[in-house]
Amino acid sequence: MSYLTNSFDEKIIELLKNGGVGFVPSDTIYGLSCRALDEKAVVRLRNLKSRSQHKPLIVLFSNIEQLADLGMPTAGLEKALAYWPGPLSLEWDARKSPPWLHPASETFAIRMPDKPELVELINKVGPITSTSANPEGAEPAKSVKEAENYFGEGLDFYVDAGEITSGASSTLARLANSQFEVLRQGALKII
């Protein structure tokens with residue numbers, strides 16, 4: 001039976017550290033998450049979601065130092081730091097990063113969330129993946145009940161933060177020539 005809780009408790013930390021995949025409230029919407037540096041967990045998450053290999057994941061991190069664990073340089077992030085923590089997902093060159101995060105792409109997105117409980121979780125388990133909580137092509141789950149209808153016992157845990165109906169996806173952008181190019185408009189309006 002999948003573990004159900006309403007907080008990022010010690011059991012969630014243990015499950016993530018041991019390869020768990022679960023339903024997690026982020027700072028924008030609910031997402032499916034696992035430890036980004038756990039190849040088996042990331043592959044399992046992609047399979048549960050039926051996520052195309054051509055669609056990279058978003059990786060949530062809690063501090064710039066964690067980007068080194070992902071094989072990413074921190075130079076050039078100054079402009080993004082003005083919006084972090086917050087709902088800005090930045091597309092990043094991932095060629096030196098673990099290939100399971102971007103199996104058929106040279107990029108994936110990174111974001112520093114603006115939710116203290118989530119940041120504390122990431123401090124304890126390391127960077128985590130985040131992708132909308134739905135099978136590919138379906139509407140994102142707004143509640144545990146909807147997520148259970150999609151994934152049932154396929155997920156190791158569900159964190160219940162109530163129904164999230166007004167959350168908007170993060171804004172996805174890339175930095176080119178020190179300027180943002182918005183790829184998907186979301187919760188953040190870049191000026």
# chains A, B, ... in the order shown; residues from 1 in each chain; ligands from 1
$ residues_around --residues "Pro127 of chain A" --least-positions-apart "3" --cutoff "7 Å" --atoms "only C-alpha atoms" --output "number ranges by chain"
A: 35-36, 59-61, 66, 122
$ select_by_dssp --residues "segment 144-182 of chain A" --states "helix (DSSP H, G or I)" --output "ChimeraX atom specification"
/A:144-154
$ residues_around --residues "Ser2 of chain A" --least-positions-apart "5" --cutoff "6 Å" --atoms "only C-alpha atoms" --output "PyMOL selection string"
chain A and resi 153+156-157
$ write_last_selection --atoms "N, CA, C and O atoms" --output "PDB file, in the first residue's frame"
ATOM      1  N   GLU A 153      -1.327   2.191  -6.843  1.00  0.00           N
ATOM      2  CA  GLU A 153      -0.206   1.680  -6.047  1.00  0.00           C
ATOM      3  C   GLU A 153       1.125   1.783  -6.787  1.00  0.00           C
ATOM      4  O   GLU A 153       2.159   1.363  -6.264  1.00  0.00           O
ATOM      5  N   ASP A 156       4.998   5.221  -4.609  1.00  0.00           N
ATOM      6  CA  ASP A 156       5.354   4.784  -3.265  1.00  0.00           C
ATOM      7  C   ASP A 156       4.706   5.645  -2.192  1.00  0.00           C
ATOM      8  O   ASP A 156       4.483   5.176  -1.079  1.00  0.00           O
ATOM      9  N   PHE A 157       4.413   6.908  -2.529  1.00  0.00           N
ATOM     10  CA  PHE A 157       3.822   7.799  -1.534  1.00  0.00           C
ATOM     11  C   PHE A 157       3.038   8.929  -2.183  1.00  0.00           C
ATOM     12  O   PHE A 157       3.247   9.252  -3.354  1.00  0.00           O
TER      13      PHE A 157
END
$ closest_residue --among "A:Phe23, A:Phe8, A:Phe108, A:Trp92" --to "Lys145 of chain A" --atoms "only C-alpha atoms"
A:Phe23
$ select_by_dssp --residues "segment 141-186 of chain A" --states "strand (DSSP E or B)" --output "list in words"
Phe157, Tyr158, Val159, Thr171, Leu172, Ala173, Arg174, Leu175, Ala176, Gln179, Phe180, Glu181, Val182, Leu183 and Arg184 of chain A
$ residues_around --residues "Tyr83 of chain A" --least-positions-apart "4" --cutoff "9 Å" --atoms "only C-alpha atoms" --output "list in words"
Lys79, Pro87, Leu88, Leu188 and Ile190 of chain A
$ closest_residue --among "A:Arg111, A:Gly76, A:Thr171, A:Ile128" --to "Gly19 of chain A" --atoms "only C-alpha atoms"
A:Ile128
$ atom_distance --atom1 "atom CA of Leu16 of chain A" --atom2 "atom CA of Lys124 of chain A"
9.9 Å
